[in-house]
$ cat start-v5.txt   # compact mmCIF, N, CA and C atoms
# COMPACT_ATOMS: atom_id res chain seq x y z
N MET A 1 1.02 99.29 62.26
CA MET A 1 -0.02 98.31 62.47
C MET A 1 -0.93 98.29 61.25
N ASP A 2 -0.67 97.40 60.35
CA ASP A 2 -1.42 97.31 59.10
C ASP A 2 -2.54 96.30 59.24
N ALA A 3 -3.78 96.75 59.10
CA ALA A 3 -4.94 95.86 59.25
C ALA A 3 -5.20 95.15 57.95
N SER A 4 -5.55 93.89 58.05
CA SER A 4 -5.86 93.11 56.86
C SER A 4 -7.20 93.57 56.30
N PRO A 5 -7.54 93.23 55.04
CA PRO A 5 -8.81 93.66 54.44
C PRO A 5 -10.03 93.15 55.22
N SER A 6 -9.95 91.93 55.77
CA SER A 6 -11.10 91.41 56.51
C SER A 6 -11.33 92.21 57.79
N LYS A 7 -10.24 92.64 58.44
CA LYS A 7 -10.38 93.44 59.64
C LYS A 7 -10.93 94.82 59.30
N ARG A 8 -10.50 95.39 58.15
CA ARG A 8 -11.01 96.69 57.74
C ARG A 8 -12.50 96.59 57.43
N LYS A 9 -12.93 95.51 56.79
CA LYS A 9 -14.33 95.33 56.46
C LYS A 9 -15.17 95.23 57.74
N GLN A 10 -14.68 94.48 58.73
CA GLN A 10 -15.41 94.37 59.99
C GLN A 10 -15.52 95.73 60.65
N SER A 11 -14.45 96.49 60.60
CA SER A 11 -14.44 97.80 61.22
C SER A 11 -15.46 98.71 60.55
N SER A 12 -15.55 98.70 59.22
CA SER A 12 -16.50 99.57 58.53
C SER A 12 -17.93 99.11 58.77
N ASP A 13 -18.17 97.77 58.90
CA ASP A 13 -19.51 97.27 59.21
C ASP A 13 -19.96 97.77 60.58
N VAL A 14 -19.07 97.72 61.54
CA VAL A 14 -19.39 98.15 62.88
C VAL A 14 -19.63 99.66 62.90
N SER A 15 -18.86 100.41 62.16
CA SER A 15 -19.00 101.87 62.19
C SER A 15 -20.35 102.31 61.63
N SER A 16 -20.95 101.52 60.74
CA SER A 16 -22.26 101.90 60.23
C SER A 16 -23.35 101.70 61.28
N LEU A 17 -23.08 100.91 62.30
CA LEU A 17 -24.05 100.68 63.36
C LEU A 17 -23.91 101.67 64.51
N VAL A 18 -22.75 102.34 64.57
CA VAL A 18 -22.47 103.25 65.68
C VAL A 18 -23.27 104.53 65.51
N LEU A 19 -23.82 105.03 66.60
CA LEU A 19 -24.52 106.31 66.58
C LEU A 19 -23.48 107.42 66.66
N GLU A 20 -23.65 108.43 65.84
CA GLU A 20 -22.67 109.51 65.81
C GLU A 20 -23.24 110.76 66.44
N SER A 21 -22.35 111.62 66.93
CA SER A 21 -22.74 112.88 67.54
C SER A 21 -23.08 113.88 66.45
N ASP A 22 -24.14 114.66 66.65
CA ASP A 22 -24.52 115.68 65.69
C ASP A 22 -24.84 116.94 66.47
N ASN A 23 -23.91 117.86 66.51
CA ASN A 23 -24.08 119.06 67.31
C ASN A 23 -25.00 120.08 66.66
N THR A 24 -25.25 119.99 65.35
CA THR A 24 -26.04 121.00 64.67
C THR A 24 -27.53 120.80 64.89
N SER A 25 -27.97 119.59 65.12
CA SER A 25 -29.41 119.36 65.27
C SER A 25 -29.89 119.55 66.70
N GLY A 26 -28.98 119.67 67.64
CA GLY A 26 -29.37 119.83 69.02
C GLY A 26 -29.60 118.51 69.74
N THR A 27 -29.48 117.40 69.02
CA THR A 27 -29.62 116.10 69.66
C THR A 27 -28.25 115.52 69.89
N LEU A 28 -28.14 114.70 70.87
CA LEU A 28 -26.85 114.13 71.20
C LEU A 28 -26.46 113.03 70.21
N PHE A 29 -27.39 112.15 69.87
CA PHE A 29 -27.09 111.04 68.98
C PHE A 29 -28.14 110.92 67.89
N GLU A 30 -27.71 110.59 66.72
CA GLU A 30 -28.62 110.33 65.60
C GLU A 30 -28.14 109.06 64.92
N PRO A 31 -29.03 108.28 64.33
CA PRO A 31 -28.59 107.07 63.63
C PRO A 31 -27.78 107.43 62.40
N HIS A 32 -26.88 106.54 62.05
CA HIS A 32 -26.05 106.73 60.87
C HIS A 32 -26.96 106.79 59.66
N THR A 33 -26.64 107.63 58.67
CA THR A 33 -27.56 107.90 57.58
C THR A 33 -27.57 106.84 56.48
N ASP A 34 -26.63 105.93 56.44
CA ASP A 34 -26.62 104.96 55.33
C ASP A 34 -27.28 103.64 55.72
N HIS A 35 -28.43 103.70 56.41
CA HIS A 35 -29.16 102.46 56.74
C HIS A 35 -30.04 102.05 55.56
N LYS A 36 -30.45 100.80 55.59
CA LYS A 36 -31.25 100.25 54.50
C LYS A 36 -32.68 100.79 54.59
N PRO A 37 -33.29 101.13 53.44
CA PRO A 37 -34.68 101.58 53.46
C PRO A 37 -35.58 100.44 53.94
N GLY A 38 -36.58 100.78 54.71
CA GLY A 38 -37.52 99.77 55.18
C GLY A 38 -37.02 98.96 56.36
N LEU A 39 -35.92 99.39 56.95
CA LEU A 39 -35.33 98.64 58.06
C LEU A 39 -36.29 98.52 59.24
N PHE A 40 -37.09 99.55 59.46
CA PHE A 40 -38.00 99.56 60.61
C PHE A 40 -39.43 99.18 60.24
N GLU A 41 -39.65 98.75 59.02
CA GLU A 41 -40.99 98.34 58.60
C GLU A 41 -41.57 97.21 59.45
N PRO A 42 -40.79 96.17 59.83
CA PRO A 42 -41.36 95.13 60.68
C PRO A 42 -41.88 95.68 62.00
N CYS A 43 -41.24 96.71 62.54
CA CYS A 43 -41.70 97.32 63.79
C CYS A 43 -43.05 98.00 63.57
N LYS A 44 -43.19 98.69 62.44
CA LYS A 44 -44.45 99.36 62.14
C LYS A 44 -45.56 98.33 61.96
N ASP A 45 -45.25 97.22 61.28
CA ASP A 45 -46.24 96.16 61.10
C ASP A 45 -46.64 95.57 62.44
N ARG A 46 -45.68 95.36 63.32
CA ARG A 46 -45.96 94.78 64.63
C ARG A 46 -46.82 95.72 65.47
N LYS A 47 -46.55 97.03 65.39
CA LYS A 47 -47.37 98.00 66.11
C LYS A 47 -48.81 97.93 65.61
N HIS A 48 -48.97 97.83 64.30
CA HIS A 48 -50.32 97.73 63.73
C HIS A 48 -51.02 96.46 64.20
N GLU A 49 -50.29 95.34 64.22
CA GLU A 49 -50.86 94.07 64.71
C GLU A 49 -51.28 94.19 66.16
N LEU A 50 -50.44 94.80 66.99
CA LEU A 50 -50.75 94.96 68.41
C LEU A 50 -51.96 95.87 68.61
N ARG A 51 -52.01 96.95 67.86
CA ARG A 51 -53.17 97.85 67.97
C ARG A 51 -54.46 97.15 67.55
N THR A 52 -54.37 96.35 66.51
CA THR A 52 -55.53 95.59 66.05
C THR A 52 -55.96 94.57 67.11
N ALA A 53 -55.00 93.89 67.73
CA ALA A 53 -55.31 92.91 68.77
C ALA A 53 -55.92 93.59 69.99
N ILE A 54 -55.41 94.74 70.36
CA ILE A 54 -55.96 95.49 71.49
C ILE A 54 -57.39 95.93 71.19
N ALA A 55 -57.62 96.40 69.99
CA ALA A 55 -58.98 96.82 69.61
C ALA A 55 -59.94 95.64 69.65
N ALA A 56 -59.49 94.47 69.17
CA ALA A 56 -60.35 93.28 69.20
C ALA A 56 -60.64 92.85 70.63
N ALA A 57 -59.63 92.88 71.49
CA ALA A 57 -59.81 92.49 72.89
C ALA A 57 -60.75 93.46 73.61
N THR A 58 -60.61 94.74 73.32
CA THR A 58 -61.49 95.75 73.91
C THR A 58 -62.92 95.54 73.46
N SER A 59 -63.09 95.25 72.19
CA SER A 59 -64.43 94.99 71.65
C SER A 59 -65.04 93.76 72.32
N GLU A 60 -64.26 92.69 72.48
CA GLU A 60 -64.74 91.47 73.13
C GLU A 60 -65.10 91.74 74.59
N LEU A 61 -64.30 92.53 75.27
CA LEU A 61 -64.58 92.88 76.66
C LEU A 61 -65.90 93.67 76.77
N ASP A 62 -66.09 94.61 75.86
CA ASP A 62 -67.33 95.38 75.85
C ASP A 62 -68.54 94.47 75.61
N ALA A 63 -68.39 93.50 74.70
CA ALA A 63 -69.48 92.56 74.42
C ALA A 63 -69.78 91.70 75.64
N GLN A 64 -68.74 91.24 76.35
CA GLN A 64 -68.94 90.44 77.55
C GLN A 64 -69.63 91.25 78.65
N ARG A 65 -69.24 92.51 78.79
CA ARG A 65 -69.89 93.37 79.78
C ARG A 65 -71.37 93.57 79.46
N ALA A 66 -71.67 93.79 78.18
CA ALA A 66 -73.06 93.96 77.77
C ALA A 66 -73.86 92.69 78.05
N ARG A 67 -73.26 91.54 77.78
CA ARG A 67 -73.93 90.25 78.05
C ARG A 67 -74.17 90.08 79.55
N ARG A 68 -73.17 90.42 80.37
CA ARG A 68 -73.32 90.33 81.82
C ARG A 68 -74.45 91.24 82.31
N ASP A 69 -74.47 92.47 81.79
CA ASP A 69 -75.52 93.41 82.19
C ASP A 69 -76.90 92.91 81.81
N ALA A 70 -77.02 92.31 80.62
CA ALA A 70 -78.30 91.76 80.17
C ALA A 70 -78.73 90.60 81.07
N LEU A 71 -77.79 89.74 81.44
CA LEU A 71 -78.11 88.62 82.33
C LEU A 71 -78.51 89.11 83.72
N GLU A 72 -77.86 90.16 84.20
CA GLU A 72 -78.23 90.74 85.49
C GLU A 72 -79.67 91.24 85.46
N GLN A 73 -80.02 91.94 84.38
CA GLN A 73 -81.38 92.46 84.26
C GLN A 73 -82.40 91.33 84.15
N GLN A 74 -82.05 90.30 83.36
CA GLN A 74 -82.95 89.17 83.16
C GLN A 74 -83.18 88.40 84.46
N SER A 75 -82.13 88.18 85.21
CA SER A 75 -82.25 87.38 86.43
C SER A 75 -82.69 88.20 87.64
N GLY A 76 -82.50 89.48 87.58
CA GLY A 76 -82.83 90.32 88.72
C GLY A 76 -81.77 90.27 89.81
N LEU A 77 -80.66 89.59 89.55
CA LEU A 77 -79.57 89.50 90.52
C LEU A 77 -78.37 90.29 90.02
N THR A 78 -77.74 90.97 90.94
CA THR A 78 -76.47 91.60 90.59
C THR A 78 -75.36 90.58 90.81
N VAL A 79 -74.20 90.87 90.29
CA VAL A 79 -73.05 89.98 90.48
C VAL A 79 -72.73 89.86 91.96
N GLU A 80 -72.82 90.98 92.67
CA GLU A 80 -72.52 90.97 94.11
C GLU A 80 -73.50 90.08 94.87
N ARG A 81 -74.80 90.17 94.52
CA ARG A 81 -75.81 89.35 95.20
C ARG A 81 -75.61 87.87 94.86
N ALA A 82 -75.27 87.57 93.63
CA ALA A 82 -75.02 86.17 93.25
C ALA A 82 -73.83 85.62 94.02
N ARG A 83 -72.79 86.41 94.18
CA ARG A 83 -71.63 85.97 94.97
C ARG A 83 -72.02 85.75 96.43
N GLN A 84 -72.85 86.64 96.96
CA GLN A 84 -73.29 86.51 98.35
C GLN A 84 -74.09 85.21 98.53
N LEU A 85 -75.00 84.92 97.60
CA LEU A 85 -75.77 83.68 97.67
C LEU A 85 -74.87 82.45 97.56
N SER A 86 -73.91 82.53 96.67
CA SER A 86 -72.96 81.42 96.52
C SER A 86 -72.18 81.20 97.80
N ASP A 87 -71.71 82.27 98.42
CA ASP A 87 -70.97 82.16 99.68
C ASP A 87 -71.84 81.56 100.78
N GLU A 88 -73.12 81.97 100.82
CA GLU A 88 -74.03 81.42 101.82
C GLU A 88 -74.22 79.91 101.61
N ASN A 89 -74.37 79.50 100.34
CA ASN A 89 -74.53 78.07 100.06
C ASN A 89 -73.29 77.28 100.42
N ILE A 90 -72.13 77.85 100.18
CA ILE A 90 -70.88 77.18 100.55
C ILE A 90 -70.79 77.02 102.06
N ASP A 91 -71.19 78.05 102.80
CA ASP A 91 -71.20 77.97 104.27
C ASP A 91 -72.15 76.86 104.74
N ARG A 92 -73.33 76.76 104.09
CA ARG A 92 -74.28 75.70 104.46
C ARG A 92 -73.69 74.32 104.18
N LEU A 93 -73.02 74.18 103.05
CA LEU A 93 -72.40 72.89 102.72
C LEU A 93 -71.33 72.52 103.75
N HIS A 94 -70.55 73.49 104.18
CA HIS A 94 -69.53 73.22 105.21
C HIS A 94 -70.19 72.74 106.51
N ARG A 95 -71.27 73.41 106.91
CA ARG A 95 -71.97 72.98 108.14
C ARG A 95 -72.55 71.58 107.98
N TYR A 96 -73.12 71.30 106.80
CA TYR A 96 -73.67 69.97 106.53
C TYR A 96 -72.58 68.91 106.64
N ASN A 97 -71.44 69.18 105.99
CA ASN A 97 -70.34 68.20 106.01
C ASN A 97 -69.79 68.00 107.42
N ASP A 98 -69.70 69.07 108.20
CA ASP A 98 -69.24 68.95 109.58
C ASP A 98 -70.21 68.11 110.41
N THR A 99 -71.50 68.35 110.20
CA THR A 99 -72.53 67.58 110.92
C THR A 99 -72.49 66.11 110.51
N LYS A 100 -72.34 65.87 109.22
CA LYS A 100 -72.28 64.48 108.72
C LYS A 100 -71.05 63.78 109.30
N ASP A 101 -69.90 64.47 109.34
CA ASP A 101 -68.70 63.88 109.92
C ASP A 101 -68.91 63.52 111.39
N ALA A 102 -69.57 64.42 112.12
CA ALA A 102 -69.85 64.15 113.54
C ALA A 102 -70.76 62.93 113.68
N ALA A 103 -71.77 62.83 112.82
CA ALA A 103 -72.68 61.68 112.86
C ALA A 103 -71.92 60.38 112.55
N GLN A 104 -71.00 60.45 111.59
CA GLN A 104 -70.18 59.27 111.25
C GLN A 104 -69.38 58.80 112.47
N ILE A 105 -68.83 59.75 113.18
CA ILE A 105 -68.05 59.42 114.38
C ILE A 105 -68.95 58.78 115.43
N LEU A 106 -70.14 59.35 115.62
CA LEU A 106 -71.07 58.79 116.60
C LEU A 106 -71.52 57.37 116.23
N PHE A 107 -71.81 57.15 114.95
CA PHE A 107 -72.20 55.81 114.51
C PHE A 107 -71.04 54.83 114.70
N GLY A 108 -69.83 55.29 114.47
CA GLY A 108 -68.67 54.43 114.70
C GLY A 108 -68.51 54.06 116.16
N LYS A 109 -68.68 55.02 117.05
CA LYS A 109 -68.59 54.76 118.50
C LYS A 109 -69.72 53.83 118.95
N LEU A 110 -70.93 54.06 118.43
CA LEU A 110 -72.08 53.22 118.78
C LEU A 110 -71.85 51.78 118.32
N ALA A 111 -71.32 51.64 117.11
CA ALA A 111 -71.03 50.30 116.60
C ALA A 111 -69.98 49.61 117.47
N GLU A 112 -68.99 50.36 117.91
CA GLU A 112 -67.94 49.82 118.77
C GLU A 112 -68.53 49.38 120.12
N LEU A 113 -69.39 50.20 120.70
CA LEU A 113 -70.01 49.86 122.00
C LEU A 113 -70.91 48.62 121.91
N LYS A 114 -71.62 48.50 120.78
CA LYS A 114 -72.53 47.37 120.62
C LYS A 114 -71.83 46.13 120.05
N GLY A 115 -70.59 46.29 119.66
CA GLY A 115 -69.86 45.16 119.08
C GLY A 115 -70.37 44.80 117.68
N LYS A 116 -70.81 45.78 116.94
CA LYS A 116 -71.32 45.58 115.58
C LYS A 116 -70.50 46.40 114.60
N THR A 117 -70.78 46.18 113.34
CA THR A 117 -70.14 47.00 112.30
C THR A 117 -70.97 48.26 112.08
N VAL A 118 -70.37 49.24 111.49
CA VAL A 118 -71.08 50.48 111.18
C VAL A 118 -72.21 50.17 110.19
N LYS A 119 -71.98 49.24 109.28
CA LYS A 119 -73.01 48.84 108.32
C LYS A 119 -74.23 48.29 109.06
N ASP A 120 -74.01 47.50 110.11
CA ASP A 120 -75.13 46.95 110.90
C ASP A 120 -75.89 48.07 111.60
N ILE A 121 -75.17 49.06 112.13
CA ILE A 121 -75.81 50.19 112.82
C ILE A 121 -76.65 50.99 111.82
N TYR A 122 -76.12 51.21 110.65
CA TYR A 122 -76.88 51.92 109.62
C TYR A 122 -78.18 51.17 109.31
N ALA A 123 -78.08 49.86 109.16
CA ALA A 123 -79.27 49.05 108.86
C ALA A 123 -80.25 49.10 110.05
N GLU A 124 -79.74 49.07 111.27
CA GLU A 124 -80.57 49.12 112.46
C GLU A 124 -81.39 50.40 112.53
N TYR A 125 -80.78 51.52 112.12
CA TYR A 125 -81.47 52.81 112.16
C TYR A 125 -82.06 53.20 110.80
N ASP A 126 -82.10 52.23 109.88
CA ASP A 126 -82.69 52.42 108.54
C ASP A 126 -82.08 53.64 107.81
N ILE A 127 -80.75 53.64 107.78
CA ILE A 127 -80.02 54.71 107.10
C ILE A 127 -79.30 54.09 105.90
N ASP A 128 -79.44 54.73 104.76
CA ASP A 128 -78.78 54.27 103.54
C ASP A 128 -77.27 54.52 103.66
N LEU A 129 -76.48 53.56 103.23
CA LEU A 129 -75.01 53.69 103.32
C LEU A 129 -74.48 54.86 102.47
N ASP A 130 -75.23 55.24 101.43
CA ASP A 130 -74.79 56.35 100.57
C ASP A 130 -75.07 57.71 101.18
N ASP A 131 -75.88 57.74 102.26
CA ASP A 131 -76.18 59.02 102.89
C ASP A 131 -74.98 59.42 103.66
$ encode --input "start-v5.txt" --output "structure tokens"
Amino acid sequence: MDASPSKRKQSSDVSSLVLESDNTSGTLFEPHTDHKPGLFEPCKDRKHELRTAIAAATSELDAQRARRDALEQQSGLTVERARQLSDENIDRLHRYNDTKDAAQILFGKLAELKGKTVKDIYAEYDIDLDD
């Protein structure tokens, strides 16, 4: 079985990528020694870029926390208290909207009973249509 030169070249290219056993170092596999210098430099550069990005993000987070703490002190409200007030206001808005919907239904029924339009009922009770 005589391999052509192109097949031999492919075989030698592949063998340079194969990890070989090295019983003397105590490790099971080591990279082949004839790799190109600087082969892993892009990985080192990427690690440096990632570390720099993490440091910048951490710095930004610390600045945002400091700003939040300053605003808490200035306003006298904690984040938890502000959330509680917001939730209370949302609950009030829900009750308002439910009440308004009920009033709309009542005005509609009243208009139907009187044989008028809802617009006429609003005018009769001096209520603005935008309310």
$ atom_distance --input "start-v5.txt" --atom1 "CA of Gly115 in chain A" --atom2 "atom N of Asp101 in chain A"
21.6 Å
$ residues_around --input "start-v5.txt" --residues "Val118 in chain A" --least-positions-apart "5" --cutoff "6.5 Å" --atoms "all atoms listed in the file" --output "list of chain:residue names"
A:Phe107, A:Gly108, A:Ala111, A:Ala123
$ axis_aligned_box --input "start-v5.txt" --around "range 86-96 of chain A" --padding-each-side "4 Å" --output "AutoDock Vina command-line options"
--center_x -72.0 --center_y 75.7 --center_z 102.3 --size_x 13.0 --size_y 21.6 --size_z 19.6
$ atom_distance --input "start-v5.txt" --atom1 "CA of Glu124 in chain A" --atom2 "CA of Ala103 in chain A"
14.8 Å
$ atom_distance --input "start-v5.txt" --atom1 "atom C of Thr117 in chain A" --atom2 "CA of Leu129 in chain A"
11.1 Å
$ build_atoms --input "start-v5.txt" --residues "range 39-57 of chain A" --atoms "N, CA, C and O atoms" --output "mmCIF file, in the frame of the given file"
data_model
loop_
_atom_site.group_PDB
_atom_site.id
_atom_site.type_symbol
_atom_site.label_atom_id
_atom_site.label_comp_id
_atom_site.auth_asym_id
_atom_site.auth_seq_id
_atom_site.Cartn_x
_atom_site.Cartn_y
_atom_site.Cartn_z
ATOM 1 N N LEU A 39 -35.920 99.390 56.950
ATOM 2 C CA LEU A 39 -35.330 98.640 58.060
ATOM 3 C C LEU A 39 -36.290 98.520 59.240
ATOM 4 O O LEU A 39 -36.346 97.507 59.909
ATOM 5 N N PHE A 40 -37.090 99.550 59.460
ATOM 6 C CA PHE A 40 -38.000 99.560 60.610
ATOM 7 C C PHE A 40 -39.430 99.180 60.240
ATOM 8 O O PHE A 40 -40.323 99.288 61.054
ATOM 9 N N GLU A 41 -39.650 98.750 59.020
ATOM 10 C CA GLU A 41 -40.990 98.340 58.600
ATOM 11 C C GLU A 41 -41.570 97.210 59.450
ATOM 12 O O GLU A 41 -42.740 97.247 59.801
ATOM 13 N N PRO A 42 -40.790 96.170 59.830
ATOM 14 C CA PRO A 42 -41.360 95.130 60.680
ATOM 15 C C PRO A 42 -41.880 95.680 62.000
ATOM 16 O O PRO A 42 -42.888 95.216 62.515
ATOM 17 N N CYS A 43 -41.240 96.710 62.540
ATOM 18 C CA CYS A 43 -41.700 97.320 63.790
ATOM 19 C C CYS A 43 -43.050 98.000 63.570
ATOM 20 O O CYS A 43 -43.947 97.909 64.401
ATOM 21 N N LYS A 44 -43.190 98.690 62.440
ATOM 22 C CA LYS A 44 -44.450 99.360 62.140
ATOM 23 C C LYS A 44 -45.560 98.330 61.960
ATOM 24 O O LYS A 44 -46.677 98.536 62.423
ATOM 25 N N ASP A 45 -45.250 97.220 61.280
ATOM 26 C CA ASP A 45 -46.240 96.160 61.100
ATOM 27 C C ASP A 45 -46.640 95.570 62.440
ATOM 28 O O ASP A 45 -47.812 95.302 62.691
ATOM 29 N N ARG A 46 -45.680 95.360 63.320
ATOM 30 C CA ARG A 46 -45.960 94.780 64.630
ATOM 31 C C ARG A 46 -46.820 95.720 65.470
ATOM 32 O O ARG A 46 -47.735 95.277 66.151
ATOM 33 N N LYS A 47 -46.550 97.030 65.390
ATOM 34 C CA LYS A 47 -47.370 98.000 66.110
ATOM 35 C C LYS A 47 -48.810 97.930 65.610
ATOM 36 O O LYS A 47 -49.748 97.971 66.405
ATOM 37 N N HIS A 48 -48.970 97.830 64.300
ATOM 38 C CA HIS A 48 -50.320 97.730 63.730
ATOM 39 C C HIS A 48 -51.020 96.460 64.200
ATOM 40 O O HIS A 48 -52.195 96.487 64.574
ATOM 41 N N GLU A 49 -50.290 95.340 64.220
ATOM 42 C CA GLU A 49 -50.860 94.070 64.710
ATOM 43 C C GLU A 49 -51.280 94.190 66.160
ATOM 44 O O GLU A 49 -52.362 93.723 66.541
ATOM 45 N N LEU A 50 -50.440 94.800 66.990
ATOM 46 C CA LEU A 50 -50.750 94.960 68.410
ATOM 47 C C LEU A 50 -51.960 95.870 68.610
ATOM 48 O O LEU A 50 -52.833 95.574 69.430
ATOM 49 N N ARG A 51 -52.010 96.950 67.860
ATOM 50 C CA ARG A 51 -53.170 97.850 67.970
ATOM 51 C C ARG A 51 -54.460 97.150 67.550
ATOM 52 O O ARG A 51 -55.499 97.315 68.182
ATOM 53 N N THR A 52 -54.370 96.350 66.510
ATOM 54 C CA THR A 52 -55.530 95.590 66.050
ATOM 55 C C THR A 52 -55.960 94.570 67.110
ATOM 56 O O THR A 52 -57.149 94.424 67.395
ATOM 57 N N ALA A 53 -55.000 93.890 67.730
ATOM 58 C CA ALA A 53 -55.310 92.910 68.770
ATOM 59 C C ALA A 53 -55.920 93.590 69.990
ATOM 60 O O ALA A 53 -56.873 93.074 70.591
ATOM 61 N N ILE A 54 -55.410 94.740 70.360
ATOM 62 C CA ILE A 54 -55.960 95.490 71.490
ATOM 63 C C ILE A 54 -57.390 95.930 71.190
ATOM 64 O O ILE A 54 -58.268 95.821 72.046
ATOM 65 N N ALA A 55 -57.620 96.400 69.990
ATOM 66 C CA ALA A 55 -58.980 96.820 69.610
ATOM 67 C C ALA A 55 -59.940 95.640 69.650
ATOM 68 O O ALA A 55 -61.071 95.764 70.130
ATOM 69 N N ALA A 56 -59.490 94.470 69.170
ATOM 70 C CA ALA A 56 -60.350 93.280 69.200
ATOM 71 C C ALA A 56 -60.640 92.850 70.630
ATOM 72 O O ALA A 56 -61.773 92.491 70.965
ATOM 73 N N ALA A 57 -59.630 92.880 71.490
ATOM 74 C CA ALA A 57 -59.810 92.490 72.890
ATOM 75 C C ALA A 57 -60.750 93.460 73.610
ATOM 76 O O ALA A 57 -61.608 93.053 74.389
#
